[in-house]
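Only one structure is covered here, and it is reproduced in the block below.
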Amino acid sequence: MSSVNLKRAVCLSISVIVNLICLVLIICSRRNEKLSWTREAATAAENVASFSCSGHGRAYLDGLVTDNGRPICECNACFTGPDCSVFIPNCTVDADSGNPMFLEPFWKQNAGSSCIMVAGWHRMGYEFEDGSLISKELENVIHKLHDTVGNANTSNKYIIFGAGSTQLLNAAVYALSRTIYSSSPSSPTKVVTSAPYYPVYKSQTELLDSKQYKFSGDTSSWKNKTRSNNFIEFVTCPNNPDGHLNKAVLQGKFARHVYDLAYYWPHYTPIPAPMDEDLMLFTLSKLTGHAGSRFGWAIVKDKAVYERMVEYIDLNTYGVPRETQLRALKLLNVVLQGDRREMFRFAHTTMKSRWEKLTNILSTSKRFSMEKIPSQHCAFSRQVRAPSPAFAWLKCEAEEDKDCYNLLRAAYILGRKGAVFGVENRYVRISVVNSQDDFNLLQQRLQDLVSKERSIIEVVTSL
C-alpha cells in the first residue's frame with residue numbers, strides 16, 4: 001500500500017472513531033437529560049444518607065430539617081445532641097419494643113441494590129391492570145422465597161396481602177367466624193390461644209367486639225370442650241414471647257387454626273420442615289426488619305376463606321399501598337439474590353452472637369433464668385442449630401421477686417410484663433432485636449444486675 005493510501009486509511013479510521021465517540025457522548029447526554037428527575041432524587045437521598053449522626057442515629061428524607069434546610073438527626077435511645085454523640089447517664093434501655101433494627105447494618109451494606117425511586121405518577125389508580133389489588137410479581141417472589149427457605153408449602157394455595165400481619169390476624173378471624181356463623185349462628189365463635197400469648201390476639205378481638213366471635217382466653221381451659229363449642233385457635237410458632245415451636249392444642253371439626261409464623265425464619269429458629277397448614281401468616285417486619293413498611297401476607301388453602309379475607313381487606317383499607325408492595329418486591333429480590341443466603345447469614349450470625357452474650361451474663365445468676373429451648377436440625381442451613389429467638393423470656397426466680405418488671409425498671413431496663421401475655425408478672429419479655437446501641441446497653445444493665453447479685457451473695461457468705 002502506498003504511503004498516500006495508508007495516510008487516507010489512518011485518517012478514515014480516526015474519523016470513524018471520533019464520530020463514534022461523539023455519538024456515545026450525545027447518547028449519554030440525552031440519557032442524562034432523560035434521567036434528570038432520578039438524578040435529583042438520588043442526590044437528595046445521598047446527601048441525607050451521608051449526614052453524620054455519630055453512629056448513634058440517622059437522618060431521613062422525611063425527617064425534620066433546620067431553618068437552613070439541614071437534616072436533623074433522629075437519635076437512638078439514650079443518645080442526644082445535634083449529632084447524637086452525647087450519652088444520657090442513667091438512661092433506661094428500651095427492651096420492650098420489638099423493633100427489628102438489628103438488620104439495619106445489612107441494608108446499609110446493600111444500599112444500592114435495595115434502593116427504589118418512585119415516580120410521582122407511579123400506579124396512581126386503585127387497582128393493578130388486571131383489576132386486582134396485589135402485585136403478581138411480588139406474589140411470585142413470595143412463592144420463590146418460601147421454596148428457597150423451606151419454611152412453608154405454598155403449592156395450590158392462595159396468597160393475600162395485608163398491612164402487616166396485624167391486619168391479617170383479624171381478617172382471618174373474620175373469614176373463619178363468618179364461615180362458622182353461617183352454619184351455627186346460635187353462639188359466637190371462641191377465639192383462643194395458649195399462654196403466654198401475643199397480646200394483640202386478645203386486644204384486637206376485644207376492640208372489634210363482634211357478635212360473631214369473642215376472645216375466650218387460654219386454649220388449655222377448653223381442651224375437653226370442643227364438642228359443644230366452635231373455636232378459632234391462634235398457634236404462634238415460634239411463640240412470642242417464649243420462642244417455643246407451638247402446635248395446635250384443639251382438634252376436631254369444631255376447631256379452626258390460624259398459624260402465626262412471623263418468626264418462622266432461619267435467623268430466629270431452626271427450620272425442621274415446611275409448614276403446610278390451612279391458614280398461615282407471615283410479615284416483612286420480622287423477615288427483613290422493615291416494620292414501618294407494614295406489609296404481611298397470608299397463605300390460605302380454602303378458597304371460601306380466602307375470598308372472605310379478601311372481602312375484609314377490601315372493606316377495611318382496599319388493599320396495601322402500591323409503594324409498600326414495590327418496596328417489598330425490591331427487598332425480597334435482594335434477599336433472593338446471589339446464593340439466596342446472604343441476608344440469612346448476617347441475621348443469624350447477629351442473633352447467635354447476641355444470645356451467646358446474654359446466656360454468658362445470666363449463666364452465673366440464680367436470681368434470673370431464661371427459657372431453655374433445645375437445638376434441632378435446620379433443613380435450610382443443613383446443620384443442627386440452637387434457636388436464637390427475637391425475645392428472651394426472663395423469669396425472676398426468688399420468691400420475693402414477684403414483680404420482675406419493676407425490679408428491672410429499677411435497674412434501668414424496660415421490658416414487657418408477664419401479665420400482658422396472660423401469665424404472672426414473675427416473667428418479663430426482653431427484646432433482643434433492637435439496635436446495637438440498645439443491645440449494648442442491655443448487656444451492661446444486665447451485667448450490673450448480676451454483679452450486684454454476686455456481691456450480695458459474697459457478703460452474706462462472709463458473715
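Naming works like this for the C-alpha cells: A, B, ... for the chains as they're shown, residue 1 at the start of each chain, ligands 1 onward in shown order.
Residues with any atom within 7 Å of Val300 in chain A, counting only C-alpha atoms and excluding same-chain neighbours fewer than 3 positions away, are Lys157, Tyr158, Ile159, Asp278, Leu279, Met280 and Tyr306 of chain A.
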Residue contacts of Gln436 in chain A (9 Å, only C-alpha atoms) excluding same-chain residues fewer than 3 positions away, as a ChimeraX atom specification: /A:101-102,433,439-441
Exercise: range 387-401 of chain A partners within 8 Å, only C-alpha atoms, chain neighbours under 2 positions left out, as a ChimeraX atom specification: /A:98,238,240-243,263,267-270,348,351-352,355,366-371,373-375,385,403-404,407,426-433
Thr80 in chain A surroundings by only C-alpha atoms, 12 Å radius, close-in-sequence under 2 positions cut, as a ChimeraX atom specification: /A:53-58,72-78,82-89,91
For the selection you just gave me, I'd like the residues written to a file as a short mmCIF file (atom, residue, chain, number, x, y, z; two decimals), in the first residue's frame, keeping N, CA, C and O atoms.
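Generated file (out-v8.cif):
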data_model
loop_
_atom_site.label_atom_id
_atom_site.label_comp_id
_atom_site.auth_asym_id
_atom_site.auth_seq_id
_atom_site.Cartn_x
_atom_site.Cartn_y
_atom_site.Cartn_z
N CYS A 53 -24.41 11.30 62.09
CA CYS A 53 -25.10 11.30 63.39
C CYS A 53 -24.30 10.47 64.38
O CYS A 53 -24.87 9.80 65.28
N SER A 54 -22.98 10.45 64.22
CA SER A 54 -22.03 9.81 65.15
C SER A 54 -22.23 8.31 65.32
O SER A 54 -21.75 7.73 66.30
N GLY A 55 -22.96 7.68 64.42
CA GLY A 55 -23.20 6.25 64.55
C GLY A 55 -24.26 5.90 65.57
O GLY A 55 -24.52 4.71 65.82
N HIS A 56 -24.88 6.91 66.19
CA HIS A 56 -25.90 6.66 67.20
C HIS A 56 -27.26 7.22 66.80
O HIS A 56 -28.11 7.50 67.64
N GLY A 57 -27.45 7.39 65.51
CA GLY A 57 -28.71 7.92 65.00
C GLY A 57 -28.63 7.98 63.49
O GLY A 57 -27.68 7.50 62.87
N ARG A 58 -29.64 8.59 62.88
CA ARG A 58 -29.67 8.68 61.44
C ARG A 58 -30.59 9.81 61.02
O ARG A 58 -31.48 10.22 61.78
N ILE A 72 -32.07 16.98 60.44
CA ILE A 72 -31.93 16.85 61.89
C ILE A 72 -31.81 15.36 62.23
O ILE A 72 -32.63 14.55 61.82
N CYS A 73 -30.79 15.02 62.99
CA CYS A 73 -30.57 13.62 63.38
C CYS A 73 -31.69 13.11 64.28
O CYS A 73 -32.14 13.82 65.18
N GLU A 74 -32.10 11.89 64.05
CA GLU A 74 -33.01 11.18 64.95
C GLU A 74 -32.15 10.19 65.73
O GLU A 74 -31.64 9.21 65.16
N CYS A 75 -31.98 10.44 67.02
CA CYS A 75 -31.01 9.70 67.82
C CYS A 75 -31.59 8.39 68.36
O CYS A 75 -32.78 8.29 68.64
N ASN A 76 -30.70 7.39 68.52
CA ASN A 76 -31.08 6.18 69.21
C ASN A 76 -31.41 6.50 70.66
O ASN A 76 -30.96 7.52 71.19
N ALA A 77 -32.16 5.63 71.31
CA ALA A 77 -32.49 5.82 72.71
C ALA A 77 -31.20 5.96 73.52
O ALA A 77 -30.21 5.28 73.25
N CYS A 78 -31.21 6.86 74.48
CA CYS A 78 -30.10 7.11 75.41
C CYS A 78 -28.96 7.92 74.78
O CYS A 78 -27.88 8.03 75.36
N PRO A 82 -26.98 17.42 68.77
CA PRO A 82 -27.20 17.66 67.34
C PRO A 82 -26.74 16.50 66.45
O PRO A 82 -27.33 16.24 65.41
N ASP A 83 -25.66 15.82 66.88
CA ASP A 83 -25.16 14.69 66.09
C ASP A 83 -25.25 13.37 66.85
O ASP A 83 -24.57 12.40 66.53
N CYS A 84 -26.08 13.34 67.90
CA CYS A 84 -26.34 12.11 68.69
C CYS A 84 -25.09 11.57 69.39
O CYS A 84 -25.00 10.37 69.69
N SER A 85 -24.14 12.45 69.68
CA SER A 85 -22.87 11.99 70.25
C SER A 85 -22.86 12.00 71.78
O SER A 85 -21.91 11.53 72.38
N VAL A 86 -23.93 12.52 72.39
CA VAL A 86 -23.95 12.66 73.85
C VAL A 86 -24.75 11.52 74.47
O VAL A 86 -25.95 11.35 74.19
N PHE A 87 -24.10 10.73 75.31
CA PHE A 87 -24.78 9.63 76.01
C PHE A 87 -25.52 10.18 77.23
O PHE A 87 -24.98 11.00 77.97
N ILE A 88 -26.74 9.71 77.46
CA ILE A 88 -27.55 10.16 78.60
C ILE A 88 -27.31 9.22 79.78
O ILE A 88 -27.69 8.03 79.71
N PRO A 89 -26.68 9.69 80.85
CA PRO A 89 -26.41 8.82 82.01
C PRO A 89 -27.72 8.32 82.65
O PRO A 89 -28.74 8.99 82.61
N CYS A 91 -29.83 6.28 81.80
CA CYS A 91 -30.94 6.17 80.85
C CYS A 91 -31.50 4.75 80.88
O CYS A 91 -30.75 3.78 80.96
#
d(CA of Gln383 in chain A, CA of Ala273 in chain A) in Å: 13.0 Å
May I have a table of the residues of range 243-349 of chain A lying at most 7 Å from range 110-114 of chain A, giving each one's closest pair of atoms and their distance in Å to one decimal, counting only C-alpha atoms, ordered by chain and ascending residue number, as a Markdown table?
| residue | atom | partner | partner_atom | distance |
| --- | --- | --- | --- | --- |
| A:Lys330 | CA | A:Ser114 | CA | 6.1 |
| A:Leu331 | CA | A:Ser114 | CA | 5.8 |
| A:Val334 | CA | A:Ser114 | CA | 6.4 |
